[in-house]
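J.: Take a look at target_0.cif, mmCIF, C-alpha atoms and all ligand atoms:
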data_data
loop_
_atom_site.group_PDB
_atom_site.id
_atom_site.type_symbol
_atom_site.label_atom_id
_atom_site.label_comp_id
_atom_site.auth_asym_id
_atom_site.auth_seq_id
_atom_site.Cartn_x
_atom_site.Cartn_y
_atom_site.Cartn_z
ATOM 1 C CA MET U 1 40.250 21.764 3.146
ATOM 2 C CA ASP U 2 37.274 22.729 0.963
ATOM 3 C CA GLN U 3 37.558 26.331 -0.240
ATOM 4 C CA ALA U 4 34.194 27.156 1.287
ATOM 5 C CA GLU U 5 35.174 25.792 4.688
ATOM 6 C CA ILE U 6 36.252 28.000 7.556
ATOM 7 C CA SER U 7 38.662 26.889 10.276
ATOM 8 C CA LEU U 8 37.127 25.818 13.570
ATOM 9 C CA SER U 9 39.004 26.335 16.840
ATOM 10 C CA ASN U 10 38.468 24.089 19.874
ATOM 11 C CA ARG U 11 36.726 26.944 21.627
ATOM 12 C CA GLU U 12 34.361 27.534 18.697
ATOM 13 C CA PHE U 13 33.596 23.818 18.472
ATOM 14 C CA SER U 14 32.833 23.782 22.161
ATOM 15 C CA ARG U 15 30.452 26.763 21.791
ATOM 16 C CA ILE U 16 28.650 24.994 18.930
ATOM 17 C CA LYS U 17 28.331 21.805 21.006
ATOM 18 C CA THR U 18 26.956 23.773 23.959
ATOM 19 C CA ARG U 19 24.382 25.496 21.781
ATOM 20 C CA VAL U 20 23.076 22.433 19.914
ATOM 21 C CA TYR U 21 22.834 20.563 23.225
ATOM 22 C CA ALA U 22 20.882 23.424 24.797
ATOM 23 C CA VAL U 23 18.438 23.866 21.932
ATOM 24 C CA ALA U 24 18.004 20.277 20.692
ATOM 25 C CA GLY U 25 19.494 17.948 23.313
ATOM 26 C CA ILE U 26 21.941 16.714 20.673
ATOM 27 C CA ALA U 27 25.248 15.688 22.272
ATOM 28 C CA LEU U 28 27.869 16.082 19.514
ATOM 29 C CA SER U 29 30.960 13.947 19.967
ATOM 30 C CA ASP U 30 34.429 15.137 18.973
ATOM 31 C CA ALA U 31 34.179 12.774 16.004
ATOM 32 C CA LYS U 32 31.587 15.144 14.513
ATOM 33 C CA ARG U 33 34.076 17.983 14.106
ATOM 34 C CA THR U 34 34.511 17.580 10.335
ATOM 35 C CA LEU U 35 30.774 17.255 9.859
ATOM 36 C CA VAL U 36 30.218 20.477 11.819
ATOM 37 C CA ILE U 37 32.747 22.335 9.681
ATOM 38 C CA SER U 38 31.271 21.159 6.393
ATOM 39 C CA ARG U 39 27.636 21.721 7.343
ATOM 40 C CA LEU U 40 27.992 25.099 9.048
ATOM 41 C CA SER U 41 30.612 26.729 6.773
ATOM 42 C CA ARG U 42 28.025 27.194 4.032
ATOM 43 C CA ILE U 43 25.699 29.021 6.444
ATOM 44 C CA VAL U 44 28.465 31.199 7.926
ATOM 45 C CA ARG U 45 29.537 32.264 4.411
ATOM 46 C CA ALA U 46 25.952 32.944 3.326
ATOM 47 C CA LEU U 47 25.562 35.245 6.329
ATOM 48 C CA ASN U 48 28.803 36.989 5.344
ATOM 49 C CA LEU U 49 30.336 36.326 8.733
ATOM 50 C CA PRO U 50 34.121 35.895 9.122
ATOM 51 C CA SER U 51 34.255 33.036 11.658
ATOM 52 C CA PHE U 52 32.313 30.458 13.664
ATOM 53 C CA ASP U 53 32.765 32.661 16.729
ATOM 54 C CA SER U 54 31.012 35.554 15.021
ATOM 55 C CA TYR U 55 28.287 33.119 13.870
ATOM 56 C CA ILE U 56 27.584 31.908 17.408
ATOM 57 C CA ASP U 57 27.678 35.526 18.671
ATOM 58 C CA TYR U 58 25.167 36.370 15.952
ATOM 59 C CA LEU U 59 22.854 33.471 16.921
ATOM 60 C CA GLU U 60 23.091 34.360 20.598
ATOM 61 C CA CYS U 61 22.562 38.105 20.223
ATOM 62 C CA ASN U 62 20.587 39.053 17.169
ATOM 63 C CA GLY U 63 19.989 35.999 14.986
ATOM 64 C CA ALA U 64 16.466 35.636 13.625
ATOM 65 C CA ALA U 65 14.435 32.527 14.450
ATOM 66 C CA VAL U 66 15.058 31.307 10.902
ATOM 67 C CA ASP U 67 18.825 31.391 11.524
ATOM 68 C CA SER U 68 18.491 29.389 14.739
ATOM 69 C CA GLN U 69 16.372 26.881 12.850
ATOM 70 C CA ASP U 70 18.975 26.636 10.059
ATOM 71 C CA PHE U 71 21.625 25.938 12.714
ATOM 72 C CA VAL U 72 19.611 23.021 14.136
ATOM 73 C CA ASN U 73 18.608 21.711 10.711
ATOM 74 C CA ALA U 74 22.256 21.633 9.680
ATOM 75 C CA LEU U 75 23.316 19.558 12.688
ATOM 76 C CA THR U 76 20.656 16.828 12.704
ATOM 77 C CA THR U 77 21.247 13.400 11.189
ATOM 78 C CA ASN U 78 18.254 12.338 9.136
ATOM 79 C CA LEU U 79 19.080 8.870 7.829
ATOM 80 C CA THR U 80 15.908 6.792 7.449
ATOM 81 C CA ARG U 81 14.201 4.399 5.044
ATOM 82 C CA PHE U 82 10.928 2.637 4.337
ATOM 83 C CA TYR U 83 10.368 -0.499 6.464
ATOM 84 C CA ARG U 84 13.474 0.175 8.571
ATOM 85 C CA GLU U 85 13.712 -2.397 11.387
ATOM 86 C CA ASP U 86 10.979 -4.518 9.894
ATOM 87 C CA HIS U 87 10.258 -6.562 13.025
ATOM 88 C CA HIS U 88 8.568 -3.503 14.569
ATOM 89 C CA PHE U 89 5.976 -3.445 11.778
ATOM 90 C CA ALA U 90 5.283 -7.177 12.200
ATOM 91 C CA HIS U 91 4.690 -6.571 15.919
ATOM 92 C CA LEU U 92 2.525 -3.515 15.221
ATOM 93 C CA ARG U 93 0.355 -5.532 12.806
ATOM 94 C CA SER U 94 -0.337 -8.242 15.357
ATOM 95 C CA TYR U 95 -1.080 -5.618 18.054
ATOM 96 C CA ILE U 96 -3.489 -3.729 15.768
ATOM 97 C CA ALA U 97 -5.163 -7.014 14.722
ATOM 98 C CA GLY U 98 -5.925 -7.494 18.430
ATOM 99 C CA LEU U 99 -7.332 -3.958 18.783
ATOM 100 C CA ILE U 100 -9.545 -4.432 15.722
ATOM 101 C CA GLY U 101 -10.892 -7.582 17.361
ATOM 102 C CA THR U 102 -11.770 -5.805 20.612
ATOM 103 C CA ARG U 103 -12.591 -2.149 19.797
ATOM 104 C CA PRO U 104 -15.842 -1.140 18.086
ATOM 105 C CA ARG U 105 -15.639 -0.319 14.377
ATOM 106 C CA GLY U 106 -14.681 3.322 13.766
ATOM 107 C CA SER U 107 -12.731 3.630 17.040
ATOM 108 C CA ARG U 108 -9.956 6.114 17.648
ATOM 109 C CA LEU U 109 -6.412 4.959 16.872
ATOM 110 C CA ARG U 110 -3.418 7.262 17.315
ATOM 111 C CA ILE U 111 0.217 6.573 16.495
ATOM 112 C CA TRP U 112 3.093 9.020 16.975
ATOM 113 C CA SER U 113 6.285 8.902 14.943
ATOM 114 C CA ALA U 114 8.619 11.078 17.045
ATOM 115 C CA GLY U 115 11.718 12.090 15.079
ATOM 116 C CA CYS U 116 10.137 11.129 11.748
ATOM 117 C CA SER U 117 12.826 12.701 9.535
ATOM 118 C CA THR U 118 11.731 12.764 5.860
ATOM 119 C CA GLY U 119 8.596 10.724 6.543
ATOM 120 C CA GLN U 120 9.436 7.163 5.523
ATOM 121 C CA GLU U 121 8.673 5.869 9.036
ATOM 122 C CA PRO U 122 5.134 7.294 9.460
ATOM 123 C CA TYR U 123 4.279 6.479 5.837
ATOM 124 C CA THR U 124 5.447 2.890 6.353
ATOM 125 C CA ILE U 125 3.224 2.637 9.435
ATOM 126 C CA GLY U 126 0.205 3.968 7.527
ATOM 127 C CA MET U 127 0.766 1.940 4.366
ATOM 128 C CA ASP U 128 1.534 -1.279 6.179
ATOM 129 C CA LEU U 129 -1.526 -1.060 8.416
ATOM 130 C CA LEU U 130 -3.952 0.009 5.673
ATOM 131 C CA THR U 131 -2.730 -2.832 3.457
ATOM 132 C CA ALA U 132 -3.136 -5.378 6.241
ATOM 133 C CA PHE U 133 -6.427 -3.948 7.586
ATOM 134 C CA PRO U 134 -8.391 -1.997 4.930
ATOM 135 C CA GLU U 135 -11.203 -1.546 7.490
ATOM 136 C CA LEU U 136 -8.964 1.002 9.264
ATOM 137 C CA LYS U 137 -10.039 3.476 6.539
ATOM 138 C CA ARG U 138 -13.321 3.651 8.437
ATOM 139 C CA TRP U 139 -11.611 4.177 11.809
ATOM 140 C CA ASP U 140 -10.616 7.493 13.331
ATOM 141 C CA PHE U 141 -7.006 6.573 12.567
ATOM 142 C CA LYS U 142 -4.339 9.287 12.531
ATOM 143 C CA ILE U 143 -0.568 9.352 12.633
ATOM 144 C CA LEU U 144 1.255 12.301 14.168
ATOM 145 C CA ALA U 145 4.746 12.700 12.702
ATOM 146 C CA THR U 146 7.089 15.207 14.363
ATOM 147 C CA ASP U 147 10.669 16.336 14.028
ATOM 148 C CA ILE U 148 12.777 19.281 15.177
ATOM 149 C CA ASP U 149 14.189 19.718 11.654
ATOM 150 C CA THR U 150 11.819 21.806 9.525
ATOM 151 C CA ALA U 151 13.662 21.021 6.273
ATOM 152 C CA VAL U 152 12.995 17.279 6.568
ATOM 153 C CA LEU U 153 9.366 17.947 7.504
ATOM 154 C CA ALA U 154 8.881 19.932 4.275
ATOM 155 C CA LYS U 155 10.215 16.986 2.254
ATOM 156 C CA ALA U 156 8.099 14.548 4.243
ATOM 157 C CA ALA U 157 4.883 16.457 3.611
ATOM 158 C CA GLY U 158 5.476 16.224 -0.159
ATOM 159 C CA GLY U 159 5.388 12.419 0.028
ATOM 160 C CA VAL U 160 7.611 12.099 -3.067
ATOM 161 C CA TYR U 161 10.874 10.117 -3.035
ATOM 162 C CA PRO U 162 13.467 8.827 -5.501
ATOM 163 C CA ALA U 163 12.285 5.474 -6.851
ATOM 164 C CA SER U 164 15.665 4.051 -5.827
ATOM 165 C CA GLU U 165 14.525 4.267 -2.181
ATOM 166 C CA LEU U 166 12.152 1.368 -2.827
ATOM 167 C CA ALA U 167 14.904 -1.008 -3.965
ATOM 168 C CA GLY U 168 14.571 -4.346 -2.234
ATOM 169 C CA LEU U 169 10.909 -4.008 -1.209
ATOM 170 C CA SER U 170 8.630 -6.943 -2.036
ATOM 171 C CA PRO U 171 6.025 -6.572 -4.837
ATOM 172 C CA GLU U 172 3.310 -6.458 -2.154
ATOM 173 C CA ARG U 173 5.030 -3.539 -0.410
ATOM 174 C CA LEU U 174 5.690 -1.728 -3.696
ATOM 175 C CA ARG U 175 2.064 -1.909 -4.824
ATOM 176 C CA PRO U 176 0.645 1.136 -2.943
ATOM 177 C CA PHE U 177 3.276 3.547 -4.366
ATOM 178 C CA THR U 178 2.661 5.446 -7.613
ATOM 179 C CA SER U 179 5.499 5.911 -10.071
ATOM 180 C CA LEU U 180 5.558 9.530 -11.255
ATOM 181 C CA GLY U 181 7.554 8.568 -14.357
ATOM 182 C CA ASP U 182 10.523 10.844 -13.665
ATOM 183 C CA GLY U 183 12.456 8.517 -11.399
ATOM 184 C CA THR U 184 10.349 9.433 -8.376
ATOM 185 C CA ILE U 185 7.470 7.733 -6.591
ATOM 186 C CA SER U 186 4.702 9.068 -4.362
ATOM 187 C CA VAL U 187 2.969 7.592 -1.356
ATOM 188 C CA PRO U 188 -0.783 7.068 -1.770
ATOM 189 C CA GLU U 189 -3.072 10.012 -1.059
ATOM 190 C CA THR U 190 -5.095 7.988 1.486
ATOM 191 C CA VAL U 191 -1.935 7.481 3.524
ATOM 192 C CA ARG U 192 -0.715 11.070 3.118
ATOM 193 C CA GLN U 193 -4.029 12.317 4.421
ATOM 194 C CA MET U 194 -3.791 10.356 7.651
ATOM 195 C CA VAL U 195 -0.300 11.635 8.544
ATOM 196 C CA SER U 196 0.108 15.122 10.090
ATOM 197 C CA PHE U 197 3.649 16.466 10.026
ATOM 198 C CA LYS U 198 4.442 18.994 12.763
ATOM 199 C CA PRO U 199 7.616 20.594 14.111
ATOM 200 C CA LEU U 200 8.279 19.457 17.664
ATOM 201 C CA ASN U 201 11.376 19.532 19.841
ATOM 202 C CA LEU U 202 11.456 16.426 22.014
ATOM 203 C CA ILE U 203 13.259 18.317 24.769
ATOM 204 C CA GLY U 204 10.701 21.142 24.683
ATOM 205 C CA HIS U 205 6.985 21.502 25.323
ATOM 206 C CA TRP U 206 4.652 18.851 23.856
ATOM 207 C CA PRO U 207 1.311 20.499 23.079
ATOM 208 C CA MET U 208 -0.653 17.302 22.375
ATOM 209 C CA LYS U 209 -2.534 15.375 25.036
ATOM 210 C CA GLY U 210 -2.582 11.836 23.714
ATOM 211 C CA PRO U 211 -3.137 9.136 24.598
ATOM 212 C CA PHE U 212 -1.303 7.327 21.826
ATOM 213 C CA ASP U 213 -1.760 3.629 21.082
ATOM 214 C CA ALA U 214 1.835 3.397 19.918
ATOM 215 C CA ILE U 215 4.886 5.641 19.760
ATOM 216 C CA PHE U 216 7.794 5.100 17.406
ATOM 217 C CA CYS U 217 10.911 6.971 18.522
ATOM 218 C CA ARG U 218 13.671 5.163 16.716
ATOM 219 C CA ASN U 219 17.253 6.266 16.119
ATOM 220 C CA VAL U 220 16.587 9.680 17.651
ATOM 221 C CA ALA U 221 17.595 9.315 21.320
ATOM 222 C CA ILE U 222 20.898 7.896 20.121
ATOM 223 C CA TYR U 223 21.933 11.544 19.589
ATOM 224 C CA PHE U 224 21.027 12.481 23.193
ATOM 225 C CA ASP U 225 23.018 11.884 26.385
ATOM 226 C CA ARG U 226 21.771 9.442 29.041
ATOM 227 C CA PRO U 227 19.865 11.967 31.218
ATOM 228 C CA THR U 228 18.066 13.412 28.168
ATOM 229 C CA GLN U 229 17.231 9.932 26.888
ATOM 230 C CA GLY U 230 15.793 8.924 30.262
ATOM 231 C CA ASN U 231 13.773 12.113 30.433
ATOM 232 C CA VAL U 232 12.281 11.783 26.927
ATOM 233 C CA PHE U 233 11.438 8.072 27.303
ATOM 234 C CA GLY U 234 9.875 8.784 30.698
ATOM 235 C CA ARG U 235 7.689 11.481 29.136
ATOM 236 C CA PHE U 236 6.516 9.038 26.449
ATOM 237 C CA ARG U 237 5.105 6.903 29.263
ATOM 238 C CA SER U 238 2.619 9.625 30.164
ATOM 239 C CA MET U 239 1.541 9.999 26.502
ATOM 240 C CA LEU U 240 0.800 6.303 26.001
ATOM 241 C CA ALA U 241 -2.451 4.476 26.719
ATOM 242 C CA PRO U 242 -2.342 1.541 29.176
ATOM 243 C CA GLU U 243 -0.981 -1.631 27.533
ATOM 244 C CA SER U 244 0.255 0.214 24.468
ATOM 245 C CA PHE U 245 3.686 0.111 22.854
ATOM 246 C CA LEU U 246 6.877 2.133 22.484
ATOM 247 C CA TYR U 247 9.231 1.164 19.654
ATOM 248 C CA ILE U 248 12.831 2.407 19.898
ATOM 249 C CA GLY U 249 15.967 2.053 17.746
ATOM 250 C CA HIS U 250 17.986 -1.161 17.613
ATOM 251 C CA SER U 251 20.927 0.299 19.566
ATOM 252 C CA GLU U 252 18.838 2.154 22.174
ATOM 253 C CA ASN U 253 17.430 1.289 25.598
ATOM 254 C CA LEU U 254 15.177 3.175 28.000
ATOM 255 C CA GLY U 255 17.777 3.707 30.721
ATOM 256 C CA SER U 256 16.368 5.777 33.566
ATOM 257 C CA GLY U 257 13.139 6.343 31.566
ATOM 258 C CA GLY U 258 12.107 2.692 31.853
ATOM 259 C CA GLU U 259 9.721 3.010 34.804
ATOM 260 C CA GLY U 260 6.231 1.811 33.867
ATOM 261 C CA PHE U 261 7.469 -0.063 30.783
ATOM 262 C CA ARG U 262 8.299 -3.723 30.312
ATOM 263 C CA LEU U 263 10.423 -5.110 27.501
ATOM 264 C CA VAL U 264 8.254 -7.426 25.389
ATOM 265 C CA GLY U 265 10.357 -7.876 22.243
ATOM 266 C CA ARG U 266 13.484 -6.604 20.544
ATOM 267 C CA THR U 267 13.439 -2.847 21.357
ATOM 268 C CA ILE U 268 9.657 -3.022 21.969
ATOM 269 C CA TYR U 269 8.269 -1.858 25.325
ATOM 270 C CA GLN U 270 4.726 -2.119 26.680
ATOM 271 C CA THR U 271 3.080 0.137 29.242
ATOM 272 C CA SER U 272 1.333 -1.461 32.189
ATOM 273 C CA ALA U 273 -2.425 -1.965 32.444
ATOM 274 C CA ILE U 274 -2.868 0.984 34.785
ATOM 275 C CA SER U 275 -2.612 4.511 33.460
ATOM 276 C CA SER U 276 0.465 6.672 34.059
ATOM 277 C CA LYS U 277 -1.639 9.015 36.211
ATOM 278 C CA GLN U 278 -2.347 6.121 38.583
ATOM 279 C CA VAL U 279 1.373 5.251 38.564
ATOM 280 C CA ALA U 280 2.234 8.849 39.415
ATOM 281 C CA ALA U 281 -0.416 9.092 42.165
HETATM 282 C C1 LIG A 301 18.196 9.258 12.174
HETATM 283 S S1 LIG A 301 16.666 10.110 12.091
HETATM 284 C C2 LIG A 301 15.512 8.831 12.546
HETATM 285 C C3 LIG A 301 14.359 8.718 11.581
HETATM 286 C C4 LIG A 301 13.413 7.561 11.840
HETATM 287 N N1 LIG A 301 12.852 7.622 13.162
HETATM 288 C C5 LIG A 301 14.100 6.254 11.623
HETATM 289 O O1 LIG A 301 14.404 5.528 12.581
HETATM 290 O O2 LIG A 301 14.350 5.905 10.457
HETATM 291 C C6 LIG A 301 16.726 11.121 13.598
HETATM 292 C C7 LIG A 301 15.773 12.286 13.574
HETATM 293 O O3 LIG A 301 15.683 12.816 14.898
HETATM 294 C C8 LIG A 301 15.485 14.203 14.790
HETATM 295 N N2 LIG A 301 15.792 14.877 16.068
HETATM 296 C C9 LIG A 301 17.013 15.085 16.636
HETATM 297 N N3 LIG A 301 16.884 15.782 17.778
HETATM 298 C C10 LIG A 301 15.564 16.006 17.951
HETATM 299 C C11 LIG A 301 14.796 16.688 18.956
HETATM 300 N N4 LIG A 301 15.365 17.284 20.016
HETATM 301 N N5 LIG A 301 13.458 16.731 18.809
HETATM 302 C C12 LIG A 301 12.865 16.147 17.744
HETATM 303 N N6 LIG A 301 13.523 15.497 16.759
HETATM 304 C C13 LIG A 301 14.873 15.425 16.867
HETATM 305 C C14 LIG A 301 16.391 14.609 13.654
HETATM 306 O O4 LIG A 301 16.038 15.843 13.081
HETATM 307 C C15 LIG A 301 16.252 13.423 12.689
HETATM 308 O O5 LIG A 301 15.337 13.690 11.665
#
Rewrite the coordinates I just gave you, this time as structure tokens.

T.:
Amino acid sequence: MDQAEISLSNREFSRIKTRVYAVAGIALSDAKRTLVISRLSRIVRALNLPSFDSYIDYLECNGAAVDSQDFVNALTTNLTRFYREDHHFAHLRSYIAGLIGTRPRGSRLRIWSAGCSTGQEPYTIGMDLLTAFPELKRWDFKILATDIDTAVLAKAAGGVYPASELAGLSPERLRPFTSLGDGTISVPETVRQMVSFKPLNLIGHWPMKGPFDAIFCRNVAIYFDRPTQGNVFGRFRSMLAPESFLYIGHSENLGSGGEGFRLVGRTIYQTSAISSKQVAA
């Protein structure tokens, strides 16, 4: 065992699972035990606490908001990359080409990347669409990018990544990035300006009204249990415009949240032509 690691009893593990499920909807499996030990030991030591039990007591009784946030940040899984699940971007391009053909120039266009991690997903959406349709620069086009993990949001807002993250991208896809000469690259300013990064817990209150023309929520619900997944996907329905699209991760499905959606492609769902309010009425 790592010197900095503290032993974790079954009871302590169960308390940690209960807490992360209650605050973030994340259902930790028993297979995550080692990960929990390695990620939380550092925090427990930094707080000068003797055990995981005393750490959970501390969070429950007198922990500051920053400590609760550190707990959640430590237990999220943030794996992501540029152009992940490429077929979604091909579908989005053909959908947006259709909107450009039917909506007046300068129209509103809103896309939500829910569970955006370090930002590669919303930046891919922005870069891909601006490259394909430069006229979108004159639209009221904004991307909302949210995550529960404030540490990843801080990285995302910087828009700077190791150059190695671009390995394998085509010359056309590489073109918009700027090399900063120190082994890092940055996303273009025009794209950074259209993406707003905000903290948001998908199992909590959503302050925005929508409607969105597309929602990407990929590889996020995989960490939730079935009832939470159904609930979150169902809530997306009421945030989406009629005949708009929800893109989910390759191993996910809508489960009980599928009402009002139809599957139109691999992990791509479309809302019906009538609004969710009419469905609910
Ligand atoms: C594996 S990443 C997915 C990133 C990106 N969507 C992709 O597919 O590449 C999952 C993200 O979901 C976020 N997440 C987990 N639970 C969440 C919750 N309750 N509310 C909002 N975001 C959550 C995590 O912080 C993490 O950044």

J.: Under the PyMOL selection byres (((not hetatm)) within 6 of (chain A and resi 301)), which residues of this model are included? Write them out as a ChimeraX atom specification.

T.: /U:24-26,76-81,115-117,121,147-149,200-203,217-220

J.: Tell me which residues the PyMOL selection byres (((chain U and resi 178-180) around 12) and not hetatm) grabs here, as a ChimeraX atom specification.

T.: /U:159-164,166,173-177,181-189

J.: Taking the file above as input, evaluate the PyMOL selection byres (((chain U and resi 53) around 12) and not hetatm) and report the hits as a PyMOL selection string.

T.: chain U and resi 6-16+40-41+44+49-52+54-60

J.: Which one of U:Arg237, U:Lys17, U:His87, U:Arg266 sits closest to Glu252 (chain U) if you count only C-alpha atoms?

T.: U:Arg266

J.: To one decimal place in Å, what is the distance between CA of Ala241 (chain U) and CA of Phe224 (chain U)?

T.: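 Separation between CA of Ala241 (chain U) and CA of Phe224 (chain U): 25.1 Å.
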
J.: So which one's closest to Ala157 (chain U), U:Trp139, U:Tyr21, U:Tyr95, U:Tyr123? Using all atoms listed in the file, please.

T.: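 Looking at the shortest contact to Ala157 (chain U), the residue is U:Tyr123.
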
J.: Which residue out of U:Ile37, U:Leu240, U:Ala97, U:Leu129 has the minimum interatomic distance to Val191 (chain U) when only C-alpha atoms are used?

T.: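 Closest residue, counting only C-alpha atoms: U:Leu129.
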
J.: What lies within 9 Å of Thr271 (chain U) using all atoms listed in the file, ignoring chain neighbours under 4 positions off, as JSON, numbers by chain?

T.: {"U": [237, 240, 241, 242, 243, 244, 245, 246, 260, 261, 262, 275, 276]}

J.: Could you list as a list of chain:residue names every residue that has an atom within 8 Å of (0.7, 6.0, 13.0), using the file's coordinates and counting all atoms listed in the file?

T.: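 Those within range, by chain then number, are U:Arg110, U:Ile111, U:Trp112, U:Ser113, U:Pro122, U:Ile125, U:Gly126, U:Phe141, U:Lys142, U:Ile143, U:Leu144, U:Ala145, U:Val195, U:Ala214, U:Ile215.
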
J.: Excluding Gly101 (chain U) and its own-chain neighbours fewer than 6 positions away, which residues fall within 12 Å of it when counting all atoms listed in the file? Please give them as a ChimeraX atom specification.

T.: /U:94-95,107,133,135-136

J.: State, in Å with one decimal place, the distance from CA of Arg19 (chain U) to CA of Gly234 (chain U).

T.: 23.9 Å

J.: Quick one: pull the distance between CA of Gln120 (chain U) and CA of Ile96 (chain U), Å, one decimal.

T.: 19.8 Å

J.: Rank U:Thr131, U:Ser238, U:Thr18, U:Gln193 by their smallest atom-to-atom distance to Pro211 (chain U), using all atoms listed in the file, and report the top residue only.

T.: U:Ser238

J.: Ranking U:Asn48, U:Ser251, U:Thr146, U:Ser170 by minimum distance to Thr267 (chain U) and counting only C-alpha atoms, which one comes first?

T.: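 Residue with the minimum atom-to-atom distance to Thr267 (chain U): U:Ser251.
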